Amino acid sequence: MVDEEPLGEVDRLLMAALQLDGRAPWHVVARAAGVSESTAQRRFAALRERGAARVIGVVDVLRCGLGVPVLTRVSCRPGTAESVAACLAARPEARFVAVVTGAADAVAEFVVPTHRHLTQLLARDMPAQDQLTESETFTVMRTFTAAHDWDPGLLDPDAAALLRPEPVRPFEDQVWERPPDRLDDLELAIAAELGEDGRLPVKELAGRVGVSESTVARRIDSMVERGCLRFRTLVEPVLLGFAVEFMLWLDIEPAFLAAAGRELASRPGVKYLSATAGRFNLCGQVSLRHFADLYGFMTDVVGALPGVRRADTTLQLETLKRAWVPTAPEPRKERSGR
């Protein structure tokens, strides 16, 4: 695992800039962070080498018809939470896994091909079933905000505007009712390469997939415009100065679900929020600077939402996987072949 000491000021600003636009040109990232371009590149390379930061391309599975996200909470036999979470994280369907405390012991997000595959995953393929005492699953119906949209608020407004000139609107607001946008073989190949390194230069990427640079550039722009591809900066919130991360589970009266979702998604600290089917119909992930901020968040923010019938929190103790990437990645191996 990476150290839990917050990064220095320059590195925090660099990560904040890349969080707003993970593929922004280095001169723009450097200007936003107030450093030279060479310093920005050198600092990021050092952070990436030690496993503290990484930028990846992320395909929107719902938009591209590649799968259905579901959130699963599990309760475990005493002393087994960490081993259960490790088993969950080892599953290829697991996109996010964390050990938590509260009404559950571990939380995982799985992406399955269709809802029908849930039966096999939950009934036959769920890891460490002998260590589980209870499990509960929530199917994601709509996403209000996602981790790649999060603004940690570390940059001043002018610097932030260099990277994100307009407020982010959930792509679902624009194309939710349209059929899935299937990626072709070339787009899948480009997305796979960017999934390993989201800042891979176009020239190198073109060589790897065997087409011209202009074709690669056009395809990336097209996938981003269509909402099929987004860029995610992976850095643990504690390194940016956010000491508390937790999952929020809300039961909202159906008539107020959309309004509550929009309001909560607009609040600083809310990294992820989706409407779900199940006992809780609004599930999110929140990062706060201090544990003392949790009380105010629950009373002032959650307490002010319309239609709240029940609220639950599960504090994240250890996160094992984000965006399919282990938080303690194995040492990189030399690439073979093309």
# chains A, B, ... in the order shown; residues from 1 in each chain; ligands from 1
$ closest_atom_pairs --of "segment 23-122 of chain A" --to "segment 210-223 of chain A" --cutoff "12 Å" --atoms "only C-alpha atoms" --output "JSON lines"
{"residue": "A:Arg23", "atom": "CA", "partner": "A:Ile220", "partner_atom": "CA", "distance": 10.8}
{"residue": "A:Gly57", "atom": "CA", "partner": "A:Ile220", "partner_atom": "CA", "distance": 10.1}
{"residue": "A:Val58", "atom": "CA", "partner": "A:Met223", "partner_atom": "CA", "distance": 10.7}
{"residue": "A:Val59", "atom": "CA", "partner": "A:Met223", "partner_atom": "CA", "distance": 8.9}
{"residue": "A:Asp60", "atom": "CA", "partner": "A:Met223", "partner_atom": "CA", "distance": 9.9}
{"residue": "A:Arg63", "atom": "CA", "partner": "A:Met223", "partner_atom": "CA", "distance": 10.6}
{"residue": "A:Cys64", "atom": "CA", "partner": "A:Met223", "partner_atom": "CA", "distance": 10.0}
$ closest_atom_pairs --of "segment 13-124 of chain A" --to "segment 305-319 of chain A" --cutoff "8 Å" --atoms "only C-alpha atoms" --output "CSV"
residue,atom,partner,partner_atom,distance
A:Val97,CA,A:Thr319,CA,6.1
A:Ala98,CA,A:Thr319,CA,4.2
A:Val99,CA,A:Glu318,CA,5.2
A:Val100,CA,A:Gln316,CA,4.4
A:Thr101,CA,A:Leu315,CA,5.3
A:Gly102,CA,A:Thr314,CA,4.9
A:Ala103,CA,A:Thr314,CA,6.6
A:Ala104,CA,A:Thr314,CA,6.8
$ atom_distance --atom1 "atom CA of Leu257 of chain A" --atom2 "atom CA of Asn281 of chain A"
7.9 Å
$ select_by_dssp --residues "segment 148-202 of chain A" --states "alpha helix (DSSP H)" --output "list in words"
Pro157, Asp158, Ala159, Ala160, Ala161, Leu162, Leu163, Glu172, Asp173, Gln174, Val175, Asp185, Leu186, Glu187, Leu188, Ala189, Ile190, Ala191, Ala192, Glu193, Leu194, Gly195, Glu196 and Val202 of chain A
$ write_last_selection --atoms "C-alpha atoms" --output "PDB file, in the first residue's frame"
ATOM      1  CA  PRO A 157     -11.408  28.594  -9.635  1.00  0.00           C
ATOM      2  CA  ASP A 158      -9.261  30.134 -12.391  1.00  0.00           C
ATOM      3  CA  ALA A 159      -6.841  27.200 -12.369  1.00  0.00           C
ATOM      4  CA  ALA A 160      -9.681  24.683 -12.304  1.00  0.00           C
ATOM      5  CA  ALA A 161     -11.331  26.407 -15.275  1.00  0.00           C
ATOM      6  CA  LEU A 162      -8.230  25.720 -17.399  1.00  0.00           C
ATOM      7  CA  LEU A 163      -8.964  22.009 -17.135  1.00  0.00           C
ATOM      8  CA  GLU A 172     -26.978   9.888 -18.641  1.00  0.00           C
ATOM      9  CA  ASP A 173     -28.831  13.211 -18.634  1.00  0.00           C
ATOM     10  CA  GLN A 174     -28.165  13.516 -22.353  1.00  0.00           C
ATOM     11  CA  VAL A 175     -28.206   9.997 -23.771  1.00  0.00           C
ATOM     12  CA  ASP A 185     -12.560  -3.629 -32.645  1.00  0.00           C
ATOM     13  CA  LEU A 186     -10.249  -0.635 -33.135  1.00  0.00           C
ATOM     14  CA  GLU A 187     -11.978   1.355 -30.396  1.00  0.00           C
ATOM     15  CA  LEU A 188     -11.785  -1.609 -28.040  1.00  0.00           C
ATOM     16  CA  ALA A 189      -8.054  -1.926 -28.768  1.00  0.00           C
ATOM     17  CA  ILE A 190      -7.478   1.787 -28.120  1.00  0.00           C
ATOM     18  CA  ALA A 191      -9.517   1.644 -24.908  1.00  0.00           C
ATOM     19  CA  ALA A 192      -7.530  -1.385 -23.713  1.00  0.00           C
ATOM     20  CA  GLU A 193      -4.222   0.444 -24.165  1.00  0.00           C
ATOM     21  CA  LEU A 194      -5.546   3.561 -22.435  1.00  0.00           C
ATOM     22  CA  GLY A 195      -6.849   1.356 -19.644  1.00  0.00           C
ATOM     23  CA  GLU A 196      -3.211   0.600 -18.823  1.00  0.00           C
ATOM     24  CA  VAL A 202      -1.025   9.347 -29.515  1.00  0.00           C
TER      25      VAL A 202
END
$ residues_around --residues "Gly284 of chain A" --least-positions-apart "6" --cutoff "6 Å" --atoms "only C-alpha atoms" --output "NGL selection string"
:A and (247-248 or 272-273)
$ write_last_selection --atoms "C-alpha atoms" --output "compact mmCIF listing (two decimals), in the first residue's frame"
# COMPACT_ATOMS: atom_id res chain seq x y z
CA MET A 247 -20.13 4.68 1.69
CA LEU A 248 -23.51 6.32 2.15
CA TYR A 272 -19.91 8.77 -6.56
CA LEU A 273 -23.69 8.60 -6.35
$ select_by_dssp --residues "segment 138-307 of chain A" --states "strand (DSSP E or B)" --output "JSON, numbers by chain"
{"A": [138, 139, 140, 141, 142, 143, 144, 145, 229, 230, 231, 232, 233, 234, 244, 245, 246, 247, 248, 249, 250, 251, 252, 270, 271, 272, 273, 274, 275, 276, 277, 282, 283, 284, 285, 286, 287, 288]}
$ closest_atom_pairs --of "segment 163-282 of chain A" --to "segment 287-298 of chain A" --cutoff "12 Å" --atoms "only C-alpha atoms" --output "tab-separated table"
residue	atom	partner	partner_atom	distance
A:Glu236	CA	A:Ser287	CA	10.2
A:Pro237	CA	A:Ser287	CA	7.0
A:Val238	CA	A:Arg289	CA	8.3
A:Leu239	CA	A:Arg289	CA	10.7
A:Leu240	CA	A:Arg289	CA	9.0
A:Gly241	CA	A:Arg289	CA	6.1
A:Phe242	CA	A:Arg289	CA	4.0
A:Ala243	CA	A:Arg289	CA	5.2
A:Val244	CA	A:Leu288	CA	5.1
A:Glu245	CA	A:Ser287	CA	4.4
A:Phe246	CA	A:Ser287	CA	6.7
A:Met247	CA	A:Ser287	CA	9.1
A:Leu248	CA	A:Met298	CA	9.6
A:Trp249	CA	A:Met298	CA	11.5
A:Leu250	CA	A:Met298	CA	11.1
A:Leu264	CA	A:Phe297	CA	10.6
A:Arg267	CA	A:Phe297	CA	9.8
A:Pro268	CA	A:Ser287	CA	8.6
A:Gly269	CA	A:Ser287	CA	4.9
A:Val270	CA	A:Ser287	CA	6.5
A:Lys271	CA	A:Ser287	CA	7.0
A:Tyr272	CA	A:Ser287	CA	9.8
$ residues_around --residues "Phe280 of chain A" --least-positions-apart "2" --cutoff "7 Å" --atoms "only C-alpha atoms" --output "list in words"
Trp249, Leu250, Asp251, Thr276, Gly278, Leu282 and Cys283 of chain A
$ write_last_selection --atoms "N, CA, C and O atoms" --output "PDB file, in the first residue's frame"
ATOM      1  N   TRP A 249     -25.601   5.101   2.342  1.00  0.00           N
ATOM      2  CA  TRP A 249     -26.740   4.304   1.872  1.00  0.00           C
ATOM      3  C   TRP A 249     -28.018   4.984   2.352  1.00  0.00           C
ATOM      4  O   TRP A 249     -28.236   5.116   3.556  1.00  0.00           O
ATOM      5  N   LEU A 250     -28.850   5.433   1.413  1.00  0.00           N
ATOM      6  CA  LEU A 250     -30.055   6.186   1.767  1.00  0.00           C
ATOM      7  C   LEU A 250     -31.308   5.519   1.200  1.00  0.00           C
ATOM      8  O   LEU A 250     -31.305   5.007   0.075  1.00  0.00           O
ATOM      9  N   ASP A 251     -32.356   5.564   1.993  1.00  0.00           N
ATOM     10  CA  ASP A 251     -33.685   5.151   1.541  1.00  0.00           C
ATOM     11  C   ASP A 251     -34.495   6.431   1.376  1.00  0.00           C
ATOM     12  O   ASP A 251     -34.791   7.130   2.352  1.00  0.00           O
ATOM     13  N   THR A 276     -30.307   3.215  -7.018  1.00  0.00           N
ATOM     14  CA  THR A 276     -30.201   1.763  -7.040  1.00  0.00           C
ATOM     15  C   THR A 276     -31.547   1.115  -6.725  1.00  0.00           C
ATOM     16  O   THR A 276     -32.434   1.740  -6.141  1.00  0.00           O
ATOM     17  N   GLY A 278     -33.335  -1.657  -4.503  1.00  0.00           N
ATOM     18  CA  GLY A 278     -33.088  -2.434  -3.297  1.00  0.00           C
ATOM     19  C   GLY A 278     -33.566  -1.695  -2.061  1.00  0.00           C
ATOM     20  O   GLY A 278     -34.282  -0.687  -2.152  1.00  0.00           O
ATOM     21  N   LEU A 282     -30.481   5.048  -2.940  1.00  0.00           N
ATOM     22  CA  LEU A 282     -29.491   6.056  -3.279  1.00  0.00           C
ATOM     23  C   LEU A 282     -28.201   5.680  -2.549  1.00  0.00           C
ATOM     24  O   LEU A 282     -28.154   5.664  -1.313  1.00  0.00           O
ATOM     25  N   CYS A 283     -27.174   5.335  -3.316  1.00  0.00           N
ATOM     26  CA  CYS A 283     -25.919   4.855  -2.726  1.00  0.00           C
ATOM     27  C   CYS A 283     -24.769   5.715  -3.237  1.00  0.00           C
ATOM     28  O   CYS A 283     -24.688   6.010  -4.440  1.00  0.00           O
TER      29      CYS A 283
END
$ closest_residue --among "A:Ala259, A:Ala52, A:Leu14, A:Ala106" --to "Glu37 of chain A" --atoms "only C-alpha atoms"
A:Leu14
$ closest_residue --among "A:Asp11, A:Asp184, A:Asp21, A:Asp300" --to "Trp150 of chain A" --atoms "only C-alpha atoms"
A:Asp21
$ atom_distance --atom1 "atom CA of Gly79 of chain A" --atom2 "atom CA of Leu132 of chain A"
11.2 Å
$ atom_distance --atom1 "atom CA of Gly51 of chain A" --atom2 "atom CA of Gly227 of chain A"
28.0 Å
